[in-house]
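Here the structure comes first, spelled out in structure tokens, and everything after it is commentary.
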Amino acid sequence: MQLTGAQALIKSLEQQGVDTVFGLPGGAILPVYDPLLDSTIRHILVRHEQGAGHMAEGFATATGRPGVAMVTSGPGATNIVTPIANAHMDSTPLVVITGQVATASIGTDAFQECDITGITMGITKHNFLVQSAQELPRAVAAAFHLATTGRPGPVLIDVPKDVSQSLMDWWYPTSVAEYDLPGYRPDVDLDEDAVAAAVALIARSQRPVLYVGGGTLKSHASAQLLAFAERTGMPIVTTLMARGAFPDSHPQHLGMPGMHGVYAAVTAIQRSDLLISLGARFDDRVTGKVSAFAPEAKVIHVDIDRAEFNKVRRADVAIQANVAAALEALDASGATPRNLDAWWGEIRSWQRQYPLVYDVPATDGPLRPQHVIESIARSSEPGTIVASGVGQHQMWAAQHWKFEEPGTWVNSGGAGTMGFGVPAAIGAKAGRPDRTVWCIDGDGCFQMTAQELVTARTEGIPIKVAILNNAYLGMVRQWQEMFYDERYSEVYLSADLPDYVKWAESMGCVGLRATNLKEMDDVISEANEINDVPVVIDFRTDVTEKVFPMVAAGASNDDIMVHPSQRGAK
Amino acid sequence: MNAPEPFAGVISHTPVRHHILSVLVENKAGVLARIAGLFARRGFNIYSLAVAPSEGHARFSRVTIVVDAESAPLEQIVGQLDKLVNVVSITDLAPKDALERELLLASIDLDDESRGAVLDAVAGAGAAIVDVDAGRVTAMLAGTPGACDAFERSLEIFAGVELHRTGRVALPRLGRTVSERAES
């Protein structure tokens, strides 16, 4: 069967089971958009290529399947660089297809030419510049294999226009051997000696902590984690990337560690004698000052990526494996710590003394952002998916939303990409239309990517957006207040410009506003009644509200600052 | 205030503790850029780098990288390098386990006054004259990096020296068993 490269590309995506592609056409990718008309694949036409990338990320996080985005060459390709970098930092499986100028024009500075494989070399797991139509099926199959196995990540396929226009004899790889990846070996044999060494460390430990990272979600290890945790009775912390890997309602769960972590979670790590890292990477936002991080702890480091071992913190035992396999092996070998009663006694006292708190909101406003989040959470059905942008609102959402299952928290962790929330929520809802999807956003973030609500309305993707509008780039404002003597430099945005209600309405969404407690309850109820179009709520929140607890950048986790109302007690 | 010295960057001149990585890669466009880019963005120092097709396969090339193991832990360098999809295998050779060789070409001005000294230096280093002109001579030395260093230093006193070195290639030393090497 003879096909054009464009037809072969679409057919290859169908072979991979792709049902949704986020994209925006242009010159070099034009040939590929023609056979798309005859495909079963749903294409979601975005308003900016960055939106396509973040939607694909939200889709991937919510569904556990790779997200797919397709854009044209030059500026189309560079506009999706931020999502690619974001996916690379957060190990999100993504396949990005870019158009490229014809092979004969490459290197001539042709119209809309740009070296996107060169640009994305350092921010993709791998990328391909496809040289012939005959090679397209191999590139697509290899890209999905790379994106989804081992440590997942973004893979880019650059397709020159003449490649998509020329003819090929249809074929599709039927085995990994045909992918032509002689240097790629994602499967690792579990090192039994390392497991035995880990079991020995666990047996000696009196103050262990399970430090659960994003790799636990990526390897679908929640069931194994629950079994292991309950059998051993160990306390658990889940990082920003791992929220939802373990139920927040579980009594062994201490919450999130790190710069804005729960006091008990941060302090349990600091005082631990054994840290069992499960798909976490000792990020600076978790460790604070590395030399002062968990100073008495031995470390068992489980990761599929051996380059994570000893990168930041020396591991006493390194187990290269996906988290699920490692937990099964540890469980099978009966790894059990010593009696943890005394340890739990200490932890419970920290929990009692320093719970997450915030000031009670005044009835007539302004609203407390944490209270808004808790109110939305209370009124939402179980399994509701929450996406966020980056900043204060993200930290408050990670702290105050109670996550009970994997795939319900969609956020930008490593890269810290403002504007991630709205498109990521749209992608999550496209992948999980059965779920309610809230985007907890900030006013600064919302302004970066809000145009994708036009996409959401047009495509019938009814997400709900809660803007915690404090009229500021809030996290930057918080740092300027605390560390720059309240010298506020370029952080004021205005609460009224733009008018978020009118803006929402102009994009075909329902726009609502709440300035006091009564209005807050009313608009949340109203938003929950609307399931056919997107809803945007402008919550007017307290400008001065700050995220606590907080460990200052570069400080020791021992110097954690709790909420002002708790400081007398410390 | 005086301008500070520019940062020397990725190419290091004096590896205090060097290691030799013999890296088998797929012979595909951009592979060298991927390796160089990885070293640059992770802050690993390259002392020298040599690339050539490998063992009769058009499909693979061998890249011999001398890395400064002070700039980053060797484990990190190898671990990150191994994640490049086009990298097929990495052999790490400690200097004491490696047979290292390098090629040096040097053109030197000759006049009646310097002729004797130049030819003595060439002969003393065991180098060969491979090209001559009325006022100039090109010598070649294939030898250990130390021998090349010594030859290079011996030429410093002469005029008009143009000197190129290939960077090292290396193979494991023979004469010790594999298990001995693994233990050391």
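How things are named: the first chain in the structure tokens is A, the next is B, and so on; residues count from 1 in each chain; ligands count from 1 in the order shown.
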| task | Show me which bits of chain A are within 7 Å of chain B, counting only C-alpha atoms, as a ChimeraX atom specification. | result | /A:121-122,126,182-184,306-307,311
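Residue neighbourhood of segment 70-75 of chain A, excluding near-sequence residues (fewer than 3 positions): Val21, Phe22, Gly23, Leu24, Pro25, Gly26, Gly27, Ala28, Ile29, Leu30, Glu49, Ala52, Thr78, Asn79, Val96, Ile97, Thr98, Gly99, Gln100, Val101, Gln112, Glu113, Cys114, Asp115 and Ile116 of chain A, at 8 Å, using only C-alpha atoms.
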| Pick from A:Arg457, A:His54, A:Arg151, A:Lys546: nearest to Asp187 of chain A, with only C-alpha atoms counted? |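 Among A:Arg457, A:His54, A:Arg151, A:Lys546, it is A:Arg151 that comes nearest to Asp187 of chain A.
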Extract, using only C-alpha atoms, all DNA, RNA and protein residues at most 10 Å from segment 140-143 of chain B, discarding same-chain residues fewer than 6 positions from it, and format them as a PDB file with N, CA, C and O atoms, in the first residue's frame.
ATOM      1  N   GLU B 100      47.260   4.705  26.347  1.00  0.00           N
ATOM      2  CA  GLU B 100      46.841   5.966  25.728  1.00  0.00           C
ATOM      3  C   GLU B 100      47.858   6.393  24.675  1.00  0.00           C
ATOM      4  O   GLU B 100      49.058   6.353  24.916  1.00  0.00           O
ATOM      5  N   ARG B 101      47.357   6.781  23.536  1.00  0.00           N
ATOM      6  CA  ARG B 101      48.252   7.294  22.503  1.00  0.00           C
ATOM      7  C   ARG B 101      47.629   8.514  21.850  1.00  0.00           C
ATOM      8  O   ARG B 101      46.412   8.679  21.816  1.00  0.00           O
ATOM      9  N   GLU B 102      48.521   9.340  21.317  1.00  0.00           N
ATOM     10  CA  GLU B 102      48.084  10.578  20.700  1.00  0.00           C
ATOM     11  C   GLU B 102      49.006  10.892  19.540  1.00  0.00           C
ATOM     12  O   GLU B 102      50.161  10.482  19.530  1.00  0.00           O
ATOM     13  N   LEU B 103      48.487  11.603  18.552  1.00  0.00           N
ATOM     14  CA  LEU B 103      49.298  11.999  17.402  1.00  0.00           C
ATOM     15  C   LEU B 103      49.505  13.505  17.439  1.00  0.00           C
ATOM     16  O   LEU B 103      48.557  14.250  17.692  1.00  0.00           O
ATOM     17  N   LEU B 104      50.759  13.902  17.196  1.00  0.00           N
ATOM     18  CA  LEU B 104      51.100  15.324  17.205  1.00  0.00           C
ATOM     19  C   LEU B 104      51.760  15.676  15.877  1.00  0.00           C
ATOM     20  O   LEU B 104      52.649  14.947  15.420  1.00  0.00           O
ATOM     21  N   LEU B 105      51.304  16.744  15.252  1.00  0.00           N
ATOM     22  CA  LEU B 105      51.962  17.282  14.060  1.00  0.00           C
ATOM     23  C   LEU B 105      52.438  18.687  14.390  1.00  0.00           C
ATOM     24  O   LEU B 105      51.686  19.467  14.985  1.00  0.00           O
ATOM     25  N   ALA B 106      53.694  18.991  14.023  1.00  0.00           N
ATOM     26  CA  ALA B 106      54.219  20.334  14.296  1.00  0.00           C
ATOM     27  C   ALA B 106      55.037  20.824  13.108  1.00  0.00           C
ATOM     28  O   ALA B 106      55.931  20.114  12.626  1.00  0.00           O
ATOM     29  N   SER B 107      54.690  22.032  12.621  1.00  0.00           N
ATOM     30  CA  SER B 107      55.516  22.686  11.608  1.00  0.00           C
ATOM     31  C   SER B 107      56.371  23.731  12.307  1.00  0.00           C
ATOM     32  O   SER B 107      55.886  24.453  13.184  1.00  0.00           O
ATOM     33  N   VAL B 122      63.623  16.947  17.201  1.00  0.00           N
ATOM     34  CA  VAL B 122      62.772  15.961  16.521  1.00  0.00           C
ATOM     35  C   VAL B 122      63.325  14.559  16.743  1.00  0.00           C
ATOM     36  O   VAL B 122      62.600  13.635  17.128  1.00  0.00           O
ATOM     37  N   ALA B 125      62.951  13.277  20.350  1.00  0.00           N
ATOM     38  CA  ALA B 125      61.606  12.881  20.765  1.00  0.00           C
ATOM     39  C   ALA B 125      61.162  11.605  20.065  1.00  0.00           C
ATOM     40  O   ALA B 125      60.105  11.053  20.369  1.00  0.00           O
ATOM     41  N   GLY B 126      61.950  11.158  19.119  1.00  0.00           N
ATOM     42  CA  GLY B 126      61.533   9.994  18.344  1.00  0.00           C
ATOM     43  C   GLY B 126      60.487  10.337  17.315  1.00  0.00           C
ATOM     44  O   GLY B 126      59.756   9.467  16.838  1.00  0.00           O
ATOM     45  N   ALA B 127      60.370  11.639  16.972  1.00  0.00           N
ATOM     46  CA  ALA B 127      59.408  12.061  15.962  1.00  0.00           C
ATOM     47  C   ALA B 127      60.000  11.872  14.577  1.00  0.00           C
ATOM     48  O   ALA B 127      61.203  11.660  14.441  1.00  0.00           O
ATOM     49  N   ALA B 128      59.149  11.933  13.566  1.00  0.00           N
ATOM     50  CA  ALA B 128      59.614  11.746  12.196  1.00  0.00           C
ATOM     51  C   ALA B 128      59.348  13.019  11.401  1.00  0.00           C
ATOM     52  O   ALA B 128      58.357  13.713  11.642  1.00  0.00           O
ATOM     53  N   ILE B 129      60.239  13.322  10.478  1.00  0.00           N
ATOM     54  CA  ILE B 129      60.004  14.432   9.552  1.00  0.00           C
ATOM     55  C   ILE B 129      59.091  13.908   8.448  1.00  0.00           C
ATOM     56  O   ILE B 129      59.404  12.921   7.789  1.00  0.00           O
ATOM     57  N   VAL B 130      57.950  14.542   8.275  1.00  0.00           N
ATOM     58  CA  VAL B 130      56.997  14.033   7.286  1.00  0.00           C
ATOM     59  C   VAL B 130      56.768  15.014   6.139  1.00  0.00           C
ATOM     60  O   VAL B 130      56.090  14.692   5.162  1.00  0.00           O
ATOM     61  N   ASP B 131      57.302  16.245   6.251  1.00  0.00           N
ATOM     62  CA  ASP B 131      57.117  17.233   5.192  1.00  0.00           C
ATOM     63  C   ASP B 131      58.208  18.286   5.337  1.00  0.00           C
ATOM     64  O   ASP B 131      58.571  18.644   6.458  1.00  0.00           O
ATOM     65  N   ASP B 149      53.570  15.825  25.246  1.00  0.00           N
ATOM     66  CA  ASP B 149      53.748  17.027  26.074  1.00  0.00           C
ATOM     67  C   ASP B 149      55.213  17.462  26.059  1.00  0.00           C
ATOM     68  O   ASP B 149      55.529  18.644  25.888  1.00  0.00           O
ATOM     69  N   PHE B 151      57.582  16.758  23.899  1.00  0.00           N
ATOM     70  CA  PHE B 151      57.985  17.238  22.570  1.00  0.00           C
ATOM     71  C   PHE B 151      57.463  18.662  22.347  1.00  0.00           C
ATOM     72  O   PHE B 151      58.178  19.546  21.871  1.00  0.00           O
ATOM     73  N   GLU B 152      56.223  18.884  22.751  1.00  0.00           N
ATOM     74  CA  GLU B 152      55.630  20.214  22.589  1.00  0.00           C
ATOM     75  C   GLU B 152      56.450  21.256  23.361  1.00  0.00           C
ATOM     76  O   GLU B 152      56.739  22.338  22.850  1.00  0.00           O
ATOM     77  N   LEU B 163      51.186  23.856  15.785  1.00  0.00           N
ATOM     78  CA  LEU B 163      51.164  22.516  16.362  1.00  0.00           C
ATOM     79  C   LEU B 163      49.724  22.027  16.514  1.00  0.00           C
ATOM     80  O   LEU B 163      48.860  22.764  16.994  1.00  0.00           O
ATOM     81  N   HIS B 164      49.452  20.842  16.071  1.00  0.00           N
ATOM     82  CA  HIS B 164      48.129  20.236  16.246  1.00  0.00           C
ATOM     83  C   HIS B 164      48.277  18.889  16.938  1.00  0.00           C
ATOM     84  O   HIS B 164      49.151  18.098  16.593  1.00  0.00           O
ATOM     85  N   ARG B 165      47.372  18.647  17.900  1.00  0.00           N
ATOM     86  CA  ARG B 165      47.324  17.323  18.526  1.00  0.00           C
ATOM     87  C   ARG B 165      45.922  16.756  18.330  1.00  0.00           C
ATOM     88  O   ARG B 165      44.944  17.493  18.286  1.00  0.00           O
ATOM     89  N   THR B 166      45.833  15.454  18.227  1.00  0.00           N
ATOM     90  CA  THR B 166      44.551  14.822  17.906  1.00  0.00           C
ATOM     91  C   THR B 166      43.649  14.625  19.107  1.00  0.00           C
ATOM     92  O   THR B 166      42.452  14.401  18.975  1.00  0.00           O
ATOM     93  N   ARG B 168      43.475  12.133  22.716  1.00  0.00           N
ATOM     94  CA  ARG B 168      43.893  10.752  22.942  1.00  0.00           C
ATOM     95  C   ARG B 168      42.907   9.725  22.393  1.00  0.00           C
ATOM     96  O   ARG B 168      41.708   9.968  22.376  1.00  0.00           O
TER      97      ARG B 168
END
| task | For Pro172 of chain B, work out the shell of residues within 9 Å, counting only C-alpha atoms and skipping chain neighbours fewer than 4 positions away, then give it as a list in words. | result |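 Everything that qualifies: Leu93, Asp97, Ala98, Leu99 and Glu100 of chain B.
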| task | May I have all residues of segment 4-88 of chain B that DSSP, computed from the backbone, assigns to strand (DSSP E), given as a count of residues only? | result | 32
| task | Check segment 262-478 of chain A with DSSP on the backbone and list each residue it calls helix (DSSP H, G or I), as a PyMOL selection string. | result | chain A and resi 263-271+284-287+290-292+306-308+323-332+341-353+369-378+392-400+421-431+443-449+452-459+474-478
I need the residues from that last selection saved to file as a PDB file, in the first residue's frame (with C-alpha atoms), if you can.
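Here's the written file out-v8.pdb:
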ATOM      1  CA  TYR A 263       6.022  21.101  59.457  1.00  0.00           C
ATOM      2  CA  ALA A 264       5.725  17.460  60.514  1.00  0.00           C
ATOM      3  CA  ALA A 265       6.716  16.227  57.039  1.00  0.00           C
ATOM      4  CA  VAL A 266       9.755  18.497  56.863  1.00  0.00           C
ATOM      5  CA  THR A 267      10.842  17.776  60.418  1.00  0.00           C
ATOM      6  CA  ALA A 268      10.310  14.017  60.197  1.00  0.00           C
ATOM      7  CA  ILE A 269      12.746  13.973  57.267  1.00  0.00           C
ATOM      8  CA  GLN A 270      15.221  16.126  59.184  1.00  0.00           C
ATOM      9  CA  ARG A 271      15.145  13.816  62.231  1.00  0.00           C
ATOM     10  CA  ASP A 284      16.545  21.787  46.019  1.00  0.00           C
ATOM     11  CA  ARG A 285      12.944  22.752  46.841  1.00  0.00           C
ATOM     12  CA  VAL A 286      12.789  19.609  49.016  1.00  0.00           C
ATOM     13  CA  THR A 287      16.276  19.511  50.505  1.00  0.00           C
ATOM     14  CA  VAL A 290      21.820  20.030  51.097  1.00  0.00           C
ATOM     15  CA  SER A 291      24.542  19.723  53.728  1.00  0.00           C
ATOM     16  CA  ALA A 292      21.922  20.211  56.457  1.00  0.00           C
ATOM     17  CA  ARG A 306      20.822   5.699  37.658  1.00  0.00           C
ATOM     18  CA  ALA A 307      22.090   9.215  36.962  1.00  0.00           C
ATOM     19  CA  GLU A 308      19.954  10.350  39.926  1.00  0.00           C
ATOM     20  CA  VAL A 323       9.272   2.031  42.117  1.00  0.00           C
ATOM     21  CA  ALA A 324       6.617  -0.661  41.772  1.00  0.00           C
ATOM     22  CA  ALA A 325       9.171  -3.422  41.170  1.00  0.00           C
ATOM     23  CA  ALA A 326      11.399  -2.224  44.004  1.00  0.00           C
ATOM     24  CA  LEU A 327       8.520  -2.056  46.493  1.00  0.00           C
ATOM     25  CA  GLU A 328       7.359  -5.519  45.509  1.00  0.00           C
ATOM     26  CA  ALA A 329      10.871  -6.855  46.050  1.00  0.00           C
ATOM     27  CA  LEU A 330      11.209  -5.107  49.425  1.00  0.00           C
ATOM     28  CA  ASP A 331       7.828  -6.404  50.476  1.00  0.00           C
ATOM     29  CA  ALA A 332       8.587  -9.938  49.312  1.00  0.00           C
ATOM     30  CA  ASP A 341       5.964   3.841  68.537  1.00  0.00           C
ATOM     31  CA  ALA A 342       8.442   6.380  69.907  1.00  0.00           C
ATOM     32  CA  TRP A 343       8.984   7.804  66.409  1.00  0.00           C
ATOM     33  CA  TRP A 344       5.266   8.174  65.831  1.00  0.00           C
ATOM     34  CA  GLY A 345       4.959   9.805  69.231  1.00  0.00           C
ATOM     35  CA  GLU A 346       7.352  12.545  68.159  1.00  0.00           C
ATOM     36  CA  ILE A 347       5.669  12.943  64.786  1.00  0.00           C
ATOM     37  CA  ARG A 348       2.195  13.183  66.296  1.00  0.00           C
ATOM     38  CA  SER A 349       3.370  15.920  68.642  1.00  0.00           C
ATOM     39  CA  TRP A 350       4.716  17.931  65.674  1.00  0.00           C
ATOM     40  CA  GLN A 351       1.432  17.429  63.875  1.00  0.00           C
ATOM     41  CA  ARG A 352      -0.540  18.632  66.901  1.00  0.00           C
ATOM     42  CA  GLN A 353       1.729  21.592  67.491  1.00  0.00           C
ATOM     43  CA  PRO A 369      -7.026  31.850  49.288  1.00  0.00           C
ATOM     44  CA  GLN A 370      -6.568  28.715  51.407  1.00  0.00           C
ATOM     45  CA  HIS A 371     -10.190  28.943  52.517  1.00  0.00           C
ATOM     46  CA  VAL A 372     -11.349  29.295  48.891  1.00  0.00           C
ATOM     47  CA  ILE A 373      -9.409  26.147  47.956  1.00  0.00           C
ATOM     48  CA  GLU A 374     -10.801  24.185  50.899  1.00  0.00           C
ATOM     49  CA  SER A 375     -14.325  25.363  50.087  1.00  0.00           C
ATOM     50  CA  ILE A 376     -14.019  24.230  46.457  1.00  0.00           C
ATOM     51  CA  ALA A 377     -12.525  20.920  47.592  1.00  0.00           C
ATOM     52  CA  ARG A 378     -15.371  20.340  50.073  1.00  0.00           C
ATOM     53  CA  GLN A 392       1.457  30.948  45.832  1.00  0.00           C
ATOM     54  CA  HIS A 393      -1.836  29.494  44.584  1.00  0.00           C
ATOM     55  CA  GLN A 394       0.006  26.331  43.513  1.00  0.00           C
ATOM     56  CA  MET A 395       1.514  25.847  46.947  1.00  0.00           C
ATOM     57  CA  TRP A 396      -1.819  26.510  48.667  1.00  0.00           C
ATOM     58  CA  ALA A 397      -3.523  24.011  46.364  1.00  0.00           C
ATOM     59  CA  ALA A 398      -0.828  21.401  47.019  1.00  0.00           C
ATOM     60  CA  GLN A 399      -1.180  22.003  50.773  1.00  0.00           C
ATOM     61  CA  HIS A 400      -4.930  22.360  51.221  1.00  0.00           C
ATOM     62  CA  GLY A 421      -2.725  25.702  34.685  1.00  0.00           C
ATOM     63  CA  VAL A 422      -5.460  26.601  32.200  1.00  0.00           C
ATOM     64  CA  PRO A 423      -4.149  24.591  29.219  1.00  0.00           C
ATOM     65  CA  ALA A 424      -3.103  21.682  31.455  1.00  0.00           C
ATOM     66  CA  ALA A 425      -6.606  21.571  32.925  1.00  0.00           C
ATOM     67  CA  ILE A 426      -8.087  21.552  29.414  1.00  0.00           C
ATOM     68  CA  GLY A 427      -5.807  18.669  28.434  1.00  0.00           C
ATOM     69  CA  ALA A 428      -6.730  16.757  31.598  1.00  0.00           C
ATOM     70  CA  LYS A 429     -10.446  17.241  30.941  1.00  0.00           C
ATOM     71  CA  ALA A 430     -10.025  16.201  27.292  1.00  0.00           C
ATOM     72  CA  GLY A 431      -8.430  12.984  28.522  1.00  0.00           C
ATOM     73  CA  ASP A 443      -4.112  36.211  38.314  1.00  0.00           C
ATOM     74  CA  GLY A 444      -0.571  36.452  36.916  1.00  0.00           C
ATOM     75  CA  CYS A 445      -0.630  32.905  35.545  1.00  0.00           C
ATOM     76  CA  PHE A 446      -4.127  33.256  34.119  1.00  0.00           C
ATOM     77  CA  GLN A 447      -3.071  36.195  31.967  1.00  0.00           C
ATOM     78  CA  MET A 448      -0.320  34.138  30.336  1.00  0.00           C
ATOM     79  CA  THR A 449      -2.440  31.424  28.707  1.00  0.00           C
ATOM     80  CA  GLU A 452      -7.014  28.680  25.548  1.00  0.00           C
ATOM     81  CA  LEU A 453     -10.423  29.049  27.177  1.00  0.00           C
ATOM     82  CA  VAL A 454     -11.583  29.884  23.654  1.00  0.00           C
ATOM     83  CA  THR A 455     -10.282  26.441  22.694  1.00  0.00           C
ATOM     84  CA  ALA A 456     -12.080  24.907  25.670  1.00  0.00           C
ATOM     85  CA  ARG A 457     -15.385  26.566  24.795  1.00  0.00           C
ATOM     86  CA  THR A 458     -15.111  25.738  21.085  1.00  0.00           C
ATOM     87  CA  GLU A 459     -14.150  22.118  21.698  1.00  0.00           C
ATOM     88  CA  GLY A 474       2.086  36.939  44.701  1.00  0.00           C
ATOM     89  CA  MET A 475       5.052  34.659  45.282  1.00  0.00           C
ATOM     90  CA  VAL A 476       7.485  37.295  44.077  1.00  0.00           C
ATOM     91  CA  ARG A 477       5.692  39.815  46.256  1.00  0.00           C
ATOM     92  CA  GLN A 478       6.072  37.441  49.219  1.00  0.00           C
TER      93      GLN A 478
END
| field | Shell around Gly5 of chain A at 8 Å using only C-alpha atoms, local window under 3 positions removed, as a list in words | value | Ala8, Leu9, Ala133, Gln134, Leu136, Val163, Ser164, Gln165, Ser166, Leu167 and Met168 of chain A
With C-alpha atoms retained, export the selected residues as a CSV table (one decimal), in the first residue's frame.
chain,number,residue,atom,x,y,z
A,8,ALA,CA,1.8,7.4,7.1
A,9,LEU,CA,2.3,9.8,10.0
A,133,ALA,CA,8.8,9.0,4.4
A,134,GLN,CA,9.8,5.4,4.6
A,136,LEU,CA,8.3,7.8,9.5
A,163,VAL,CA,9.0,13.9,3.7
A,164,SER,CA,5.3,14.3,4.5
A,165,GLN,CA,4.6,14.9,0.8
A,166,SER,CA,6.5,12.0,-0.7
A,167,LEU,CA,5.3,8.5,-1.2
A,168,MET,CA,6.2,5.4,0.9
| query | What's the 7 Å shell around Ala50 of chain B, counting only C-alpha atoms, without same-chain residues fewer than 2 positions away, as an NGL selection string? | reply | :B and (48 or 52 or 63-65 or 166-169)
How about saving the chosen residues, all heavy atoms kept, as a short mmCIF file (atom, residue, chain, number, x, y, z; two decimals), in the first residue's frame?
data_model
loop_
_atom_site.label_atom_id
_atom_site.label_comp_id
_atom_site.auth_asym_id
_atom_site.auth_seq_id
_atom_site.Cartn_x
_atom_site.Cartn_y
_atom_site.Cartn_z
N SER B 48 40.07 16.23 26.15
CA SER B 48 40.24 16.02 24.71
C SER B 48 39.19 15.06 24.21
O SER B 48 38.54 14.36 24.99
CB SER B 48 41.64 15.49 24.38
OG SER B 48 41.71 14.10 24.64
N ALA B 52 36.13 8.66 15.49
CA ALA B 52 36.37 7.98 14.22
C ALA B 52 35.41 6.80 14.10
O ALA B 52 34.93 6.30 15.11
CB ALA B 52 37.81 7.50 14.14
N VAL B 63 33.99 7.32 20.17
CA VAL B 63 34.40 8.63 20.66
C VAL B 63 35.24 8.40 21.90
O VAL B 63 34.80 7.74 22.84
CB VAL B 63 33.17 9.49 21.02
CG1 VAL B 63 33.61 10.89 21.46
CG2 VAL B 63 32.20 9.57 19.86
N THR B 64 36.46 8.90 21.87
CA THR B 64 37.31 8.77 23.04
C THR B 64 37.37 10.14 23.72
O THR B 64 37.83 11.11 23.14
CB THR B 64 38.73 8.32 22.65
OG1 THR B 64 38.62 7.14 21.85
CG2 THR B 64 39.55 8.02 23.88
N ILE B 65 36.81 10.18 24.93
CA ILE B 65 36.72 11.46 25.64
C ILE B 65 37.61 11.38 26.88
O ILE B 65 37.46 10.47 27.70
CB ILE B 65 35.28 11.75 26.11
CG1 ILE B 65 34.28 11.56 24.96
CG2 ILE B 65 35.18 13.16 26.68
CD1 ILE B 65 32.82 11.65 25.42
N THR B 166 45.83 15.45 18.23
CA THR B 166 44.55 14.82 17.91
C THR B 166 43.65 14.63 19.11
O THR B 166 42.45 14.40 18.98
CB THR B 166 44.77 13.43 17.30
OG1 THR B 166 45.55 12.66 18.23
CG2 THR B 166 45.46 13.50 15.96
N GLY B 167 44.22 14.69 20.31
CA GLY B 167 43.49 14.18 21.47
C GLY B 167 43.73 12.68 21.54
O GLY B 167 44.14 12.04 20.57
N ARG B 168 43.47 12.13 22.72
CA ARG B 168 43.89 10.75 22.94
C ARG B 168 42.91 9.72 22.39
O ARG B 168 41.71 9.97 22.38
CB ARG B 168 44.01 10.49 24.44
CG ARG B 168 45.07 11.31 25.09
CD ARG B 168 44.91 11.26 26.59
NE ARG B 168 45.46 12.51 27.11
CZ ARG B 168 45.88 12.66 28.36
NH1 ARG B 168 45.79 11.66 29.20
NH2 ARG B 168 46.38 13.80 28.75
N VAL B 169 43.48 8.60 22.00
CA VAL B 169 42.67 7.39 21.87
C VAL B 169 43.25 6.38 22.84
O VAL B 169 44.41 6.49 23.24
CB VAL B 169 42.67 6.83 20.43
CG1 VAL B 169 41.95 7.78 19.50
CG2 VAL B 169 44.08 6.55 19.95
#
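For the pair atom CA of Asp532 of chain A and atom CA of Pro83 of chain A, the separation is 27.8 Å.
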| field | Long-range neighbours of Leu119 of chain B as JSON, numbers by chain, 12 Å cut-off, only C-alpha atoms, 3 positions minimum in chain | value | {"B": [108, 109, 110, 111, 112, 113, 114, 115, 116, 122, 123, 124, 125, 126, 127, 128, 129, 132, 136, 137, 138, 139, 154, 155, 158]}
| field | Separation of atom CA of Phe59 of chain A from atom CA of Gln224 of chain A, in Å and rounded to one decimal | value | 24.2 Å
| query | By how many Å are atom CA of Gly215 of chain A and atom CA of Leu278 of chain A apart? | reply |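 Result for atom CA of Gly215 of chain A versus atom CA of Leu278 of chain A: 6.8 Å, one decimal.
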